[in-house]
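Have a look at the structure below before the remarks.
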Amino acid sequence: MSYTLGILDQSPIIDGATNEQTLQKTVALAQKAEQLGYSRFWVSEHHHTDALAGSSPEVLVSYLLAKTASIRIGSGGVMLQHYSPYKVAENFHVLASLEPGRVDLGIGKAPGGLPLSTKALQYGTLNQGEDFEERLTFLQQLIEQNVPTNHDLHGVQATPIPKIKPALFLLGASPQSAELAGRLGIAFVFARFINSDNELLAQSSNIYREHHPNGHFAVSIAAVAAPTNKEAKGLIEDQKITKVHLASGRTLTLQSVELAEKFGQESGEAYTVKQYHADIVYGSPEEIKDLLDHFHVQYQIDEFILHTPVRKEFERQRSFELLSPIHLKLQQQVTVS
């Protein structure tokens, strides 16, 4: 394959598992991903929810690095509007010093939760995210150790300085985010599992390449594989995407209608909640690989980060196994021979 494959795990709480069991399943999946040849394993940041256990990626990343040996581990991502770029840089510099060459710092713009949890995260320092570009730029400068002389914080260093810097990624689902990543010269991940509009994906790819021709353009894609197309289709038939549309123009994706309604109520704005068919790539491993091959060429994609929103433990893990680099390589060898 001329592209690489990674995994995004949101630590979903499945089949009545406890939080403790769920997080241990994330650890086991990271270890399995390493064995299966995946390039990286990322964990997400979601707050005040009983559906997902991953609320603190920097803590979980630390534990996963200690429980694995070679796979890259990272955040998908840290929601920077809540935090000091300086502290984020310090956290990931510590991680990169402990495990050189294995740490990814993915940064997201979304709040990662409802307005109430956002207020709790930003207690005493309310921030609507308008200064996101400034925060991301400062974070990059801290990692690159090139805070400009005209900056108020020129001379500050986020110690310890690692020998190998954490790899910085911007996560987004729009051409505007792709443009920002391109201008800053950092890697970009288009969240297709949130926004499956292929026209916007094409625009994002093109504008990113205009600004950063040799940059790393990845796509996080919802995908479910099964031994047969029929079984895979059955696993995703009831999958929906729930979005809340606020009067201010913002649109956010939530895990359920109930959470979307709650978000709208807590926002203090007029809002509407809509459900959409979830655009999940499904099929046999061979069928999905053919589609990924096509996307790779059409949209100049360097890497796919697989998100598998199946709330069945066995079927979810099997999907990652069927789509793994080792399995797809073996399948390709069998086909050739």
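Labels used: A, B, ... for chains in the order of the structure tokens, numbers from 1 for residues in each chain, and numbers from 1 for ligands as shown.
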(request) as a ChimeraX atom specification, list the residues of segment 14-235 of chain A assigned to helix (DSSP H, G or I) by DSSP on the backbone atoms of this structure. (result) /A:19-35,57-67,80-82,85-98,115-121,132-144,175-184,198-211,229-235
(request) Find the residues near Asn146 of chain A: any atom within 12 Å, counting only C-alpha atoms, skip ones fewer than 5 places away on the same chain, and give them as a list in words. (result)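 My reading of the contact set: Thr137, Phe138, Leu139, Gln140, Gln141, His151, Leu153, His154, Gly155, Val156, Gln157 and Ala158 of chain A.
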(request) For atom CA of Ile7 of chain A and atom CA of Val88 of chain A, quote the distance in Å rounded to one decimal. (result) 22.3 Å
(message) For a quick check of understanding, using only C-alpha atoms, which of A:Glu315, A:Asp302, A:Tyr276, A:Leu200 has the smallest distance to Glu231 of chain A?
(response) A:Glu315
(request) Name all residues at most 7 Å from segment 256-260 of chain A (count only C-alpha atoms; drop same-chain ones fewer than 5 positions away) and give them as a ChimeraX atom specification. (result) /A:242-244,273
(message) as number ranges by chain, please: every residue in segment 104-272 of chain A that a backbone DSSP assignment puts in strand (DSSP E or B).
(response) A: 104-108, 167-172, 187-191, 217-225, 240-246, 251-254, 271-272
Any chance you could export the current selection's C-alpha atoms as a PDB file, in the first residue's frame?
```pdb
ATOM      1  CA  ASP A 104       1.618  12.477  18.189  1.00  0.00           C
ATOM      2  CA  LEU A 105      -0.086  15.696  19.267  1.00  0.00           C
ATOM      3  CA  GLY A 106      -3.394  16.018  17.454  1.00  0.00           C
ATOM      4  CA  ILE A 107      -5.230  19.284  18.118  1.00  0.00           C
ATOM      5  CA  GLY A 108      -8.979  19.811  17.756  1.00  0.00           C
ATOM      6  CA  ALA A 167       4.441  15.343  15.685  1.00  0.00           C
ATOM      7  CA  LEU A 168       1.833  18.100  15.440  1.00  0.00           C
ATOM      8  CA  PHE A 169      -1.477  17.531  13.612  1.00  0.00           C
ATOM      9  CA  LEU A 170      -4.532  19.741  13.163  1.00  0.00           C
ATOM     10  CA  LEU A 171      -7.860  17.907  13.097  1.00  0.00           C
ATOM     11  CA  GLY A 172     -10.783  19.422  11.222  1.00  0.00           C
ATOM     12  CA  ALA A 187      -0.051  17.760   9.153  1.00  0.00           C
ATOM     13  CA  PHE A 188      -3.833  17.773   8.683  1.00  0.00           C
ATOM     14  CA  VAL A 189      -6.488  15.147   9.378  1.00  0.00           C
ATOM     15  CA  PHE A 190      -9.885  15.575   7.708  1.00  0.00           C
ATOM     16  CA  ALA A 191     -12.594  14.087   9.953  1.00  0.00           C
ATOM     17  CA  PHE A 217      -2.795  14.826   4.522  1.00  0.00           C
ATOM     18  CA  ALA A 218      -4.752  12.157   6.398  1.00  0.00           C
ATOM     19  CA  VAL A 219      -8.436  11.256   6.594  1.00  0.00           C
ATOM     20  CA  SER A 220     -10.200   9.787   9.608  1.00  0.00           C
ATOM     21  CA  ILE A 221     -12.898   7.617   8.099  1.00  0.00           C
ATOM     22  CA  ALA A 222     -15.735   5.542   9.548  1.00  0.00           C
ATOM     23  CA  ALA A 223     -15.283   1.995   8.311  1.00  0.00           C
ATOM     24  CA  VAL A 224     -16.718  -1.410   9.217  1.00  0.00           C
ATOM     25  CA  ALA A 225     -15.429  -4.634   7.697  1.00  0.00           C
ATOM     26  CA  LYS A 240     -27.131   7.705  12.500  1.00  0.00           C
ATOM     27  CA  ILE A 241     -25.285  11.005  12.787  1.00  0.00           C
ATOM     28  CA  THR A 242     -26.925  13.535  15.124  1.00  0.00           C
ATOM     29  CA  LYS A 243     -26.210  17.232  14.681  1.00  0.00           C
ATOM     30  CA  VAL A 244     -27.376  20.309  16.547  1.00  0.00           C
ATOM     31  CA  HIS A 245     -27.622  23.462  14.437  1.00  0.00           C
ATOM     32  CA  LEU A 246     -27.343  26.650  16.502  1.00  0.00           C
ATOM     33  CA  THR A 251     -23.109  22.969  13.870  1.00  0.00           C
ATOM     34  CA  LEU A 252     -21.904  20.261  16.240  1.00  0.00           C
ATOM     35  CA  THR A 253     -22.061  16.468  16.061  1.00  0.00           C
ATOM     36  CA  LEU A 254     -23.285  14.618  19.172  1.00  0.00           C
ATOM     37  CA  TYR A 271     -31.424  25.501  17.794  1.00  0.00           C
ATOM     38  CA  THR A 272     -32.619  22.556  15.729  1.00  0.00           C
TER      39      THR A 272
END
```
(message) Quick one: residues within 12 Å of Lys119 of chain A, only C-alpha atoms, excluding same-chain residues fewer than 3 positions away - as a list in words?
(response) His47, His48, Gln81, His82, Pro111, Gly112, Gly113, Leu114, Pro115, Leu116, Gln122, Tyr123, Gly124, Thr125, Leu126, Asn127, Gln128, Glu266 and Ser267 of chain A
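Among the candidate residues A:Ala89, A:Ile301, A:Ile288, A:Ala278, the one lying nearest to Gln145 of chain A is A:Ala89, with distances computed using only C-alpha atoms.
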(message) Quick one: residues within 8 Å of Tyr38 of chain A, only C-alpha atoms, excluding same-chain residues fewer than 6 positions away - as a ChimeraX atom specification?
(response) /A:4-7,71,324-325
(request) Kindly give the distance, in Å, that separates atom CA of Ala247 of chain A and atom CA of Lys262 of chain A, rounded to a single decimal. (result) 15.1 Å
(request) Go ahead and compute the interatomic distance for atom CA of Ala232 of chain A and atom CA of Tyr282 of chain A, in Å to one decimal. (result) 5.7 Å
(request) Measuring atom to atom with only C-alpha atoms, identify which of A:Arg316, A:Ala96, A:Val59, A:Gln265 is nearest to Thr159 of chain A. (result) A:Ala96
